[in-house]
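The file structure.pdb contains PDB, C-alpha atoms, pLDDT in the B column:
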```
ATOM      1  CA  MET D  23     -18.684 -33.846  33.646  1.00 42.00           C
ATOM      2  CA  SER D  24     -20.160 -33.819  30.139  1.00 44.00           C
ATOM      3  CA  ASN D  25     -18.300 -35.185  27.122  1.00 45.00           C
ATOM      4  CA  THR D  26     -20.018 -32.742  24.749  1.00 45.00           C
ATOM      5  CA  LEU D  27     -18.008 -29.806  23.465  1.00 47.00           C
ATOM      6  CA  LYS D  28     -19.502 -26.573  24.685  1.00 55.00           C
ATOM      7  CA  LEU D  29     -19.269 -23.801  22.095  1.00 59.00           C
ATOM      8  CA  HIS D  30     -18.209 -20.317  23.092  1.00 62.00           C
ATOM      9  CA  PRO D  31     -21.396 -18.188  23.453  1.00 63.00           C
ATOM     10  CA  ALA D  32     -20.131 -15.723  20.814  1.00 63.00           C
ATOM     11  CA  HIS D  33     -20.315 -18.490  18.174  1.00 81.00           C
ATOM     12  CA  THR D  34     -24.016 -17.662  17.928  1.00 88.00           C
ATOM     13  CA  ASP D  35     -23.015 -14.205  16.602  1.00 91.00           C
ATOM     14  CA  LEU D  36     -21.314 -15.798  13.589  1.00 94.00           C
ATOM     15  CA  GLU D  37     -23.050 -16.195  10.252  1.00 93.00           C
ATOM     16  CA  ALA D  38     -20.431 -18.749   9.145  1.00 94.00           C
ATOM     17  CA  ILE D  39     -17.063 -20.146  10.178  1.00 95.00           C
ATOM     18  CA  LEU D  40     -14.434 -19.494   7.494  1.00 96.00           C
ATOM     19  CA  VAL D  41     -11.405 -21.060   9.200  1.00 97.00           C
ATOM     20  CA  THR D  42     -11.673 -23.700  11.910  1.00 96.00           C
ATOM     21  CA  GLU D  43      -9.498 -23.920  14.993  1.00 96.00           C
ATOM     22  CA  THR D  44      -7.917 -27.117  13.621  1.00 97.00           C
ATOM     23  CA  ALA D  45      -7.081 -25.489  10.266  1.00 97.00           C
ATOM     24  CA  ILE D  46      -5.513 -22.502  12.058  1.00 98.00           C
ATOM     25  CA  LYS D  47      -3.279 -24.732  14.186  1.00 98.00           C
ATOM     26  CA  ARG D  48      -2.194 -26.797  11.171  1.00 98.00           C
ATOM     27  CA  ARG D  49      -1.395 -23.731   9.035  1.00 98.00           C
ATOM     28  CA  ILE D  50       0.516 -21.956  11.816  1.00 98.00           C
ATOM     29  CA  LYS D  51       2.787 -24.965  12.215  1.00 98.00           C
ATOM     30  CA  ARG D  52       3.536 -24.877   8.468  1.00 98.00           C
ATOM     31  CA  LEU D  53       4.156 -21.113   8.566  1.00 98.00           C
ATOM     32  CA  GLY D  54       6.633 -21.587  11.421  1.00 98.00           C
ATOM     33  CA  THR D  55       8.524 -24.150   9.337  1.00 97.00           C
ATOM     34  CA  GLN D  56       8.530 -21.831   6.297  1.00 98.00           C
ATOM     35  CA  ILE D  57       9.819 -18.918   8.358  1.00 98.00           C
ATOM     36  CA  ALA D  58      12.562 -21.028   9.967  1.00 97.00           C
ATOM     37  CA  GLU D  59      13.664 -22.257   6.523  1.00 97.00           C
ATOM     38  CA  THR D  60      13.757 -18.685   5.214  1.00 98.00           C
ATOM     39  CA  TYR D  61      15.908 -17.318   8.052  1.00 98.00           C
ATOM     40  CA  GLY D  62      18.151 -20.354   8.595  1.00 97.00           C
ATOM     41  CA  ASP D  63      19.866 -19.963  11.980  1.00 95.00           C
ATOM     42  CA  GLU D  64      19.580 -16.157  12.020  1.00 97.00           C
ATOM     43  CA  GLU D  65      18.051 -14.301  14.937  1.00 98.00           C
ATOM     44  CA  ILE D  66      14.716 -12.681  14.095  1.00 98.00           C
ATOM     45  CA  THR D  67      13.262  -9.510  15.574  1.00 98.00           C
ATOM     46  CA  VAL D  68       9.529 -10.148  15.506  1.00 98.00           C
ATOM     47  CA  VAL D  69       7.290  -7.076  15.528  1.00 97.00           C
ATOM     48  CA  SER D  70       3.649  -7.859  16.266  1.00 96.00           C
ATOM     49  CA  ILE D  71       0.892  -5.375  15.430  1.00 95.00           C
ATOM     50  CA  ILE D  72      -1.378  -5.503  18.453  1.00 90.00           C
ATOM     51  CA  ASN D  73      -4.053  -6.091  19.600  1.00 88.00           C
ATOM     52  CA  GLY D  74      -5.156  -8.106  16.583  1.00 91.00           C
ATOM     53  CA  ALA D  75      -2.013 -10.175  15.980  1.00 96.00           C
ATOM     54  CA  ILE D  76      -1.324 -11.087  19.611  1.00 95.00           C
ATOM     55  CA  LEU D  77      -2.842 -14.611  19.531  1.00 97.00           C
ATOM     56  CA  PHE D  78      -1.403 -15.388  16.096  1.00 98.00           C
ATOM     57  CA  THR D  79       2.054 -14.141  17.125  1.00 98.00           C
ATOM     58  CA  ALA D  80       2.086 -16.124  20.370  1.00 97.00           C
ATOM     59  CA  ASP D  81       1.095 -19.362  18.640  1.00 98.00           C
ATOM     60  CA  LEU D  82       3.398 -18.826  15.651  1.00 98.00           C
ATOM     61  CA  LEU D  83       6.475 -18.158  17.811  1.00 98.00           C
ATOM     62  CA  ARG D  84       6.095 -21.608  19.375  1.00 97.00           C
ATOM     63  CA  PHE D  85       6.909 -23.084  15.930  1.00 97.00           C
ATOM     64  CA  ILE D  86       9.912 -20.878  15.133  1.00 98.00           C
ATOM     65  CA  PRO D  87      13.090 -22.434  16.556  1.00 97.00           C
ATOM     66  CA  ASN D  88      15.281 -19.405  15.769  1.00 97.00           C
ATOM     67  CA  PRO D  89      16.482 -17.002  18.430  1.00 98.00           C
ATOM     68  CA  VAL D  90      13.733 -14.369  18.613  1.00 98.00           C
ATOM     69  CA  ARG D  91      13.473 -10.847  19.974  1.00 98.00           C
ATOM     70  CA  LEU D  92       9.862  -9.655  20.337  1.00 97.00           C
ATOM     71  CA  ASP D  93       8.462  -6.159  20.176  1.00 96.00           C
ATOM     72  CA  CYS D  94       4.961  -4.822  19.628  1.00 94.00           C
ATOM     73  CA  ILE D  95       3.580  -1.845  17.796  1.00 94.00           C
ATOM     74  CA  ARG D  96       0.056  -0.497  18.192  1.00 88.00           C
ATOM     75  CA  ILE D  97      -1.912   0.933  15.278  1.00 83.00           C
ATOM     76  CA  SER D  98      -5.474   2.235  15.129  1.00 74.00           C
ATOM     77  CA  SER D  99      -7.282   1.625  11.859  1.00 62.00           C
ATOM     78  CA  TYR D 100     -10.834   0.407  12.612  1.00 53.00           C
ATOM     79  CA  ARG D 101     -12.056   1.655  16.013  1.00 51.00           C
ATOM     80  CA  ASN D 102     -15.695   0.456  16.223  1.00 51.00           C
ATOM     81  CA  GLU D 103     -16.271   0.181  12.478  1.00 51.00           C
ATOM     82  CA  THR D 104     -16.266  -2.720  10.029  1.00 49.00           C
ATOM     83  CA  LYS D 105     -14.291  -0.702   7.448  1.00 54.00           C
ATOM     84  CA  SER D 106     -10.877   0.890   7.838  1.00 52.00           C
ATOM     85  CA  ILE D 107     -11.239   4.488   9.052  1.00 53.00           C
ATOM     86  CA  GLY D 108      -8.824   5.900   6.518  1.00 62.00           C
ATOM     87  CA  LYS D 109      -5.222   6.614   7.402  1.00 71.00           C
ATOM     88  CA  PRO D 110      -3.884   4.283  10.123  1.00 68.00           C
ATOM     89  CA  GLN D 111      -2.531   6.000  13.220  1.00 68.00           C
ATOM     90  CA  LEU D 112       0.592   4.908  15.105  1.00 66.00           C
ATOM     91  CA  LEU D 113      -0.369   4.753  18.792  1.00 60.00           C
ATOM     92  CA  HIS D 114       2.713   2.998  20.228  1.00 63.00           C
ATOM     93  CA  SER D 115       6.021   2.513  18.439  1.00 74.00           C
ATOM     94  CA  LEU D 116       8.916   0.075  18.778  1.00 90.00           C
ATOM     95  CA  THR D 117      11.089  -0.139  21.864  1.00 90.00           C
ATOM     96  CA  LEU D 118      13.806  -2.409  20.382  1.00 95.00           C
ATOM     97  CA  ASP D 119      16.536  -1.203  18.049  1.00 96.00           C
ATOM     98  CA  VAL D 120      16.023  -2.941  14.680  1.00 97.00           C
ATOM     99  CA  THR D 121      19.042  -1.481  12.881  1.00 97.00           C
ATOM    100  CA  ASN D 122      20.879  -4.264  10.984  1.00 98.00           C
ATOM    101  CA  ARG D 123      18.420  -6.863  12.346  1.00 98.00           C
ATOM    102  CA  HIS D 124      16.220  -9.286  10.433  1.00 98.00           C
ATOM    103  CA  VAL D 125      12.688  -8.057  11.115  1.00 98.00           C
ATOM    104  CA  LEU D 126       9.534 -10.130  10.713  1.00 98.00           C
ATOM    105  CA  LEU D 127       6.409  -7.969  10.930  1.00 98.00           C
ATOM    106  CA  ILE D 128       3.297  -9.931  11.954  1.00 98.00           C
ATOM    107  CA  ASP D 129      -0.306  -8.813  11.536  1.00 97.00           C
ATOM    108  CA  ASP D 130      -3.655 -10.552  11.794  1.00 96.00           C
ATOM    109  CA  ILE D 131      -5.088  -9.437   8.443  1.00 96.00           C
ATOM    110  CA  LEU D 132      -3.963  -7.754   5.262  1.00 96.00           C
ATOM    111  CA  ASP D 133      -6.918  -6.030   3.660  1.00 93.00           C
ATOM    112  CA  THR D 134      -6.552  -2.441   2.356  1.00 92.00           C
ATOM    113  CA  GLY D 135      -2.773  -2.663   2.736  1.00 93.00           C
ATOM    114  CA  LYS D 136      -2.607   0.778   4.366  1.00 92.00           C
ATOM    115  CA  THR D 137      -1.514  -0.417   7.813  1.00 91.00           C
ATOM    116  CA  LEU D 138       1.256  -2.735   6.623  1.00 94.00           C
ATOM    117  CA  ALA D 139       2.454  -0.195   4.033  1.00 94.00           C
ATOM    118  CA  MET D 140       2.691   2.483   6.728  1.00 91.00           C
ATOM    119  CA  VAL D 141       4.411   0.235   9.294  1.00 94.00           C
ATOM    120  CA  THR D 142       6.905  -1.198   6.782  1.00 95.00           C
ATOM    121  CA  LYS D 143       7.781   2.340   5.673  1.00 94.00           C
ATOM    122  CA  THR D 144       8.352   3.309   9.328  1.00 93.00           C
ATOM    123  CA  ILE D 145      10.532   0.245  10.010  1.00 95.00           C
ATOM    124  CA  THR D 146      12.488   0.622   6.747  1.00 97.00           C
ATOM    125  CA  LYS D 147      13.605   4.082   7.907  1.00 95.00           C
ATOM    126  CA  LEU D 148      15.252   2.344  10.893  1.00 96.00           C
ATOM    127  CA  LYS D 149      17.538   0.420   8.483  1.00 98.00           C
ATOM    128  CA  PRO D 150      16.900  -3.253   9.314  1.00 98.00           C
ATOM    129  CA  ALA D 151      19.061  -5.903   7.619  1.00 98.00           C
ATOM    130  CA  SER D 152      15.838  -7.293   6.130  1.00 98.00           C
ATOM    131  CA  LEU D 153      12.100  -6.837   6.551  1.00 98.00           C
ATOM    132  CA  LYS D 154       9.470  -9.463   5.760  1.00 98.00           C
ATOM    133  CA  THR D 155       5.777  -9.606   6.612  1.00 98.00           C
ATOM    134  CA  CYS D 156       3.568 -12.433   7.823  1.00 98.00           C
ATOM    135  CA  VAL D 157      -0.222 -12.257   8.008  1.00 98.00           C
ATOM    136  CA  LEU D 158      -2.752 -14.796   9.154  1.00 98.00           C
ATOM    137  CA  LEU D 159      -5.393 -13.628   6.661  1.00 98.00           C
ATOM    138  CA  ASP D 160      -5.144 -11.963   3.248  1.00 97.00           C
ATOM    139  CA  LYS D 161      -8.262 -10.278   1.882  1.00 95.00           C
ATOM    140  CA  LYS D 162      -7.101  -9.267  -1.611  1.00 93.00           C
ATOM    141  CA  GLY D 163     -10.561  -7.990  -2.589  1.00 88.00           C
ATOM    142  CA  ARG D 164     -10.131  -4.976  -0.277  1.00 86.00           C
ATOM    143  CA  ARG D 165      -6.637  -3.865  -1.351  1.00 92.00           C
ATOM    144  CA  GLU D 166      -6.318  -0.090  -1.782  1.00 93.00           C
ATOM    145  CA  VAL D 167      -2.524   0.146  -1.874  1.00 93.00           C
ATOM    146  CA  PRO D 168      -0.254  -2.421  -3.518  1.00 93.00           C
ATOM    147  CA  PHE D 169       1.100  -4.749  -0.836  1.00 95.00           C
ATOM    148  CA  ASP D 170       1.859  -8.455  -0.614  1.00 96.00           C
ATOM    149  CA  ALA D 171       3.039 -10.352   2.456  1.00 97.00           C
ATOM    150  CA  GLU D 172       5.828 -12.912   2.155  1.00 98.00           C
ATOM    151  CA  PHE D 173       4.057 -15.342   4.486  1.00 98.00           C
ATOM    152  CA  VAL D 174       0.267 -15.794   4.359  1.00 98.00           C
ATOM    153  CA  GLY D 175      -1.908 -18.112   6.409  1.00 98.00           C
ATOM    154  CA  PHE D 176      -5.189 -18.021   4.478  1.00 98.00           C
ATOM    155  CA  GLN D 177      -6.744 -16.125   1.564  1.00 97.00           C
ATOM    156  CA  ILE D 178     -10.284 -15.077   2.502  1.00 97.00           C
ATOM    157  CA  PRO D 179     -13.201 -13.409   0.677  1.00 95.00           C
ATOM    158  CA  ASP D 180     -14.254  -9.822   1.291  1.00 92.00           C
ATOM    159  CA  LYS D 181     -16.306 -10.527   4.422  1.00 92.00           C
ATOM    160  CA  PHE D 182     -16.044  -8.925   7.871  1.00 92.00           C
ATOM    161  CA  VAL D 183     -14.423 -11.551  10.072  1.00 95.00           C
ATOM    162  CA  VAL D 184     -13.811 -11.920  13.789  1.00 96.00           C
ATOM    163  CA  GLY D 185     -12.150 -14.440  16.059  1.00 96.00           C
ATOM    164  CA  TYR D 186      -8.644 -15.626  16.828  1.00 97.00           C
ATOM    165  CA  GLY D 187      -7.471 -12.100  17.602  1.00 95.00           C
ATOM    166  CA  LEU D 188      -9.690 -10.237  15.150  1.00 95.00           C
ATOM    167  CA  ASP D 189     -12.352  -8.098  16.752  1.00 92.00           C
ATOM    168  CA  PHE D 190     -15.350  -5.903  16.342  1.00 91.00           C
ATOM    169  CA  ALA D 191     -15.341  -3.107  18.948  1.00 86.00           C
ATOM    170  CA  GLU D 192     -12.756  -5.125  20.957  1.00 86.00           C
ATOM    171  CA  ARG D 193     -15.026  -8.183  21.176  1.00 90.00           C
ATOM    172  CA  TYR D 194     -14.744 -11.723  19.720  1.00 94.00           C
ATOM    173  CA  ARG D 195     -10.919 -11.844  19.834  1.00 94.00           C
ATOM    174  CA  ASN D 196     -11.040 -14.942  22.054  1.00 93.00           C
ATOM    175  CA  LEU D 197     -12.962 -17.136  19.605  1.00 95.00           C
ATOM    176  CA  PRO D 198     -10.782 -20.112  18.603  1.00 95.00           C
ATOM    177  CA  CYS D 199     -11.927 -19.954  14.962  1.00 96.00           C
ATOM    178  CA  ILE D 200     -12.369 -17.197  12.369  1.00 97.00           C
ATOM    179  CA  GLY D 201     -15.916 -16.469  11.326  1.00 96.00           C
ATOM    180  CA  VAL D 202     -18.114 -13.973   9.531  1.00 95.00           C
ATOM    181  CA  LEU D 203     -19.969 -11.725  11.949  1.00 93.00           C
ATOM    182  CA  LYS D 204     -23.737 -11.646  11.307  1.00 92.00           C
ATOM    183  CA  PRO D 205     -24.623  -8.504   9.292  1.00 88.00           C
ATOM    184  CA  GLU D 206     -27.134  -7.294  11.894  1.00 88.00           C
ATOM    185  CA  LEU D 207     -24.314  -7.201  14.457  1.00 85.00           C
ATOM    186  CA  GLN D 208     -21.993  -5.140  12.256  1.00 83.00           C
ATOM    187  CA  ASN D 209     -23.292  -1.775  13.440  1.00 75.00           C
ATOM    188  CA  PRO D 210     -21.510   0.230  16.110  1.00 59.00           C
ATOM    189  CA  PRO D 211     -22.901  -1.326  19.280  1.00 54.00           C
ATOM    190  CA  GLU D 212     -24.403   0.470  22.224  1.00 58.00           C
ATOM    191  CA  TRP D 213     -21.749  -1.121  24.463  1.00 49.00           C
ATOM    192  CA  ALA D 214     -18.808   0.315  22.470  1.00 49.00           C
TER     193      ALA D 214
END
```

Would you write the structure of this file as structure tokens?
Amino acid sequence: MSNTLKLHPAHTDLEAILVTETAIKRRIKRLGTQIAETYGDEEITVVSIINGAILFTADLLRFIPNPVRLDCIRISSYRNETKSIGKPQLLHSLTLDVTNRHVLLIDDILDTGKTLAMVTKTITKLKPASLKTCVLLDKKGRREVPFDAEFVGFQIPDKFVVGYGLDFAERYRNLPCIGVLKPELQNPPEWA
């Protein structure tokens, strides 16, 4: 058995690594502490926007000691493109009742703000006791609608990133880091 670390083959598709696996783990632990301090002993209804936020949500929940209820919502906003396709579409809504509950909405990335603005508007109509948002990445340079998350992992430049849940055409989600996809690979692929 070799002692050398074998990189995931998709690492070769990255132009640069923006956030390492170690930095992600460290920041998620701090976010969990921040969230726990914010909610005290209160139960939290966590709503994860999937598929993108699934890895982030799973890892983050391990650092939140509060009682947690988990639900997922599915939104389509990119398909096989590197830019948002316009208005996000709700593909699968909540199954839990969030009325009078403290809701923490989790997403992988806040860029244009359209997805989180739409989902928070939808959840607000359900009359939660409170609603806060947590994102792993914040790309302020792409904001089209005013929106700020209460909990942010990392601020990143306006680059197309993949890894740790973020994808291009449903690929690269399993990379342990977050990196910039090489420009020549940012075209809709034949295998999409």

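Residues in contact with Leu53 of chain D at up to 9 Å, not including ones fewer than 6 positions away on its chain and judged by all atoms listed in the file, are Leu82, Phe85, Ile86, Cys156, Phe173, Val174 and Gly175 of chain D.
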
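When only C-alpha atoms are used to compute distances to Glu43 of chain D, the closest of the residues D:Leu118, D:His124, D:Phe78, D:Ala58 turns out to be D:Phe78.
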
| Interatomic distance between atom CA of Leu36 of chain D and atom CA of Ile71 of chain D? |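 Value for the atom CA of Leu36 of chain D-atom CA of Ile71 of chain D distance: 24.6 Å.
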
| Atom-to-atom span, atom CA of Gly135 of chain D and atom CA of Glu65 of chain D, Å |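 Going from atom CA of Gly135 of chain D over to atom CA of Glu65 of chain D covers 26.8 Å.
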
| task | Select, from D:Arg164, D:Lys109, D:Arg91, D:Arg193, the residue with the minimum atom-to-atom distance to Thr134 of chain D, counting all atoms listed in the file. | result | D:Arg164

| request: Rounded to one decimal place, report the atom CA of Leu92 of chain D-atom CA of Asp160 of chain D distance in Å. | output: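 These atoms are spaced 22.9 Å apart.
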
| Explicit residue set for the PyMOL selection byres ((chain D and resi 63) around 9), as a list in words |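 Written out, the selection comes to Ala58, Glu59, Tyr61, Gly62, Glu64, Glu65, Pro87, Asn88 and Pro89 of chain D.
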
| task | Carefully work through the PyMOL selection byres ((chain D and resi 170) around 10) for this structure and note down the residues it includes, as a list in words. | result |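 That expression, the PyMOL selection byres ((chain D and resi 170) around 10), corresponds here to Leu132, Gly135, Leu138, Ala139, Lys154, Thr155, Cys156, Val157, Asp160, Lys162, Arg165, Val167, Pro168, Phe169, Ala171, Glu172, Phe173 and Val174 of chain D.
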
| said: Which residues are near Leu203 of chain D? Cut-off 8 Å, only C-alpha atoms, ignore same chain within fewer than 6 positions. Put them as a VMD selection string. | reply: chain D and resid 35 to 38 182 to 184

| query | What residues have an atom no more than 12 Å from (-14.4, -21.6, 4.2) in the file's own frame, counting all atoms listed in the file, and can you write them as a PyMOL selection string? | reply | chain D and resi 37-42+45-46+176-179+181+183+199-202

| request: Tell me which protein, DNA and RNA residues are within 7 Å of Gly187 of chain D, counting all atoms listed in the file, leaving out same-chain ones fewer than 5 positions away, and put them as a PyMOL selection string. | output: chain D and resi 74-77+195-196

Please produce segment 55-81 of chain D, completed to N, CA and C atoms, as an mmCIF file, in the frame of the given file.
```
data_model
loop_
_atom_site.group_PDB
_atom_site.id
_atom_site.type_symbol
_atom_site.label_atom_id
_atom_site.label_comp_id
_atom_site.auth_asym_id
_atom_site.auth_seq_id
_atom_site.Cartn_x
_atom_site.Cartn_y
_atom_site.Cartn_z
ATOM 1 N N THR D 55 7.499 -23.402 10.084
ATOM 2 C CA THR D 55 8.524 -24.150 9.337
ATOM 3 C C THR D 55 9.055 -23.323 8.174
ATOM 4 N N GLN D 56 8.151 -22.685 7.430
ATOM 5 C CA GLN D 56 8.530 -21.831 6.297
ATOM 6 C C GLN D 56 9.438 -20.699 6.746
ATOM 7 N N ILE D 57 9.054 -20.051 7.834
ATOM 8 C CA ILE D 57 9.819 -18.918 8.358
ATOM 9 C C ILE D 57 11.203 -19.379 8.802
ATOM 10 N N ALA D 58 11.273 -20.491 9.511
ATOM 11 C CA ALA D 58 12.562 -21.028 9.967
ATOM 12 C C ALA D 58 13.458 -21.361 8.772
ATOM 13 N N GLU D 59 12.881 -21.937 7.731
ATOM 14 C CA GLU D 59 13.664 -22.257 6.523
ATOM 15 C C GLU D 59 14.171 -20.987 5.846
ATOM 16 N N THR D 60 13.377 -19.945 5.844
ATOM 17 C CA THR D 60 13.757 -18.685 5.214
ATOM 18 C C THR D 60 14.921 -18.019 5.942
ATOM 19 N N TYR D 61 14.893 -18.024 7.270
ATOM 20 C CA TYR D 61 15.908 -17.318 8.052
ATOM 21 C C TYR D 61 17.102 -18.184 8.441
ATOM 22 N N GLY D 62 17.039 -19.487 8.202
ATOM 23 C CA GLY D 62 18.151 -20.354 8.595
ATOM 24 C C GLY D 62 18.341 -20.300 10.104
ATOM 25 N N ASP D 63 19.573 -20.048 10.544
ATOM 26 C CA ASP D 63 19.866 -19.963 11.980
ATOM 27 C C ASP D 63 19.861 -18.532 12.503
ATOM 28 N N GLU D 64 19.526 -17.579 11.647
ATOM 29 C CA GLU D 64 19.580 -16.157 12.020
ATOM 30 C C GLU D 64 18.584 -15.804 13.129
ATOM 31 N N GLU D 65 18.972 -14.847 13.933
ATOM 32 C CA GLU D 65 18.051 -14.301 14.937
ATOM 33 C C GLU D 65 17.026 -13.427 14.217
ATOM 34 N N ILE D 66 15.798 -13.466 14.691
ATOM 35 C CA ILE D 66 14.716 -12.681 14.095
ATOM 36 C C ILE D 66 14.170 -11.712 15.138
ATOM 37 N N THR D 67 13.983 -10.465 14.735
ATOM 38 C CA THR D 67 13.262 -9.510 15.574
ATOM 39 C C THR D 67 11.827 -9.507 15.072
ATOM 40 N N VAL D 68 10.938 -10.066 15.865
ATOM 41 C CA VAL D 68 9.529 -10.148 15.506
ATOM 42 C C VAL D 68 8.830 -8.898 16.027
ATOM 43 N N VAL D 69 8.080 -8.244 15.147
ATOM 44 C CA VAL D 69 7.290 -7.076 15.528
ATOM 45 C C VAL D 69 5.826 -7.436 15.277
ATOM 46 N N SER D 70 5.057 -7.490 16.341
ATOM 47 C CA SER D 70 3.649 -7.859 16.266
ATOM 48 C C SER D 70 2.785 -6.600 16.329
ATOM 49 N N ILE D 71 1.836 -6.501 15.407
ATOM 50 C CA ILE D 71 0.892 -5.375 15.430
ATOM 51 C C ILE D 71 -0.266 -5.791 16.330
ATOM 52 N N ILE D 72 -0.365 -5.126 17.466
ATOM 53 C CA ILE D 72 -1.378 -5.503 18.453
ATOM 54 C C ILE D 72 -2.509 -4.490 18.442
ATOM 55 N N ASN D 73 -3.672 -4.907 18.873
ATOM 56 C CA ASN D 73 -4.053 -6.091 19.600
ATOM 57 C C ASN D 73 -4.320 -7.291 18.705
ATOM 58 N N GLY D 74 -4.673 -7.062 17.466
ATOM 59 C CA GLY D 74 -5.156 -8.106 16.583
ATOM 60 C C GLY D 74 -4.251 -9.305 16.400
ATOM 61 N N ALA D 75 -2.939 -9.083 16.297
ATOM 62 C CA ALA D 75 -2.013 -10.175 15.980
ATOM 63 C C ALA D 75 -1.461 -10.879 17.216
ATOM 64 N N ILE D 76 -1.927 -10.537 18.390
ATOM 65 C CA ILE D 76 -1.324 -11.087 19.611
ATOM 66 C C ILE D 76 -1.470 -12.605 19.720
ATOM 67 N N LEU D 77 -2.643 -13.158 19.449
ATOM 68 C CA LEU D 77 -2.842 -14.611 19.531
ATOM 69 C C LEU D 77 -2.045 -15.327 18.443
ATOM 70 N N PHE D 78 -2.130 -14.816 17.226
ATOM 71 C CA PHE D 78 -1.403 -15.388 16.096
ATOM 72 C C PHE D 78 0.102 -15.377 16.372
ATOM 73 N N THR D 79 0.621 -14.254 16.832
ATOM 74 C CA THR D 79 2.054 -14.141 17.125
ATOM 75 C C THR D 79 2.481 -15.141 18.187
ATOM 76 N N ALA D 80 1.738 -15.211 19.274
ATOM 77 C CA ALA D 80 2.086 -16.124 20.370
ATOM 78 C C ALA D 80 2.129 -17.570 19.888
ATOM 79 N N ASP D 81 1.132 -17.984 19.124
ATOM 80 C CA ASP D 81 1.095 -19.362 18.640
ATOM 81 C C ASP D 81 2.177 -19.619 17.595
#
```
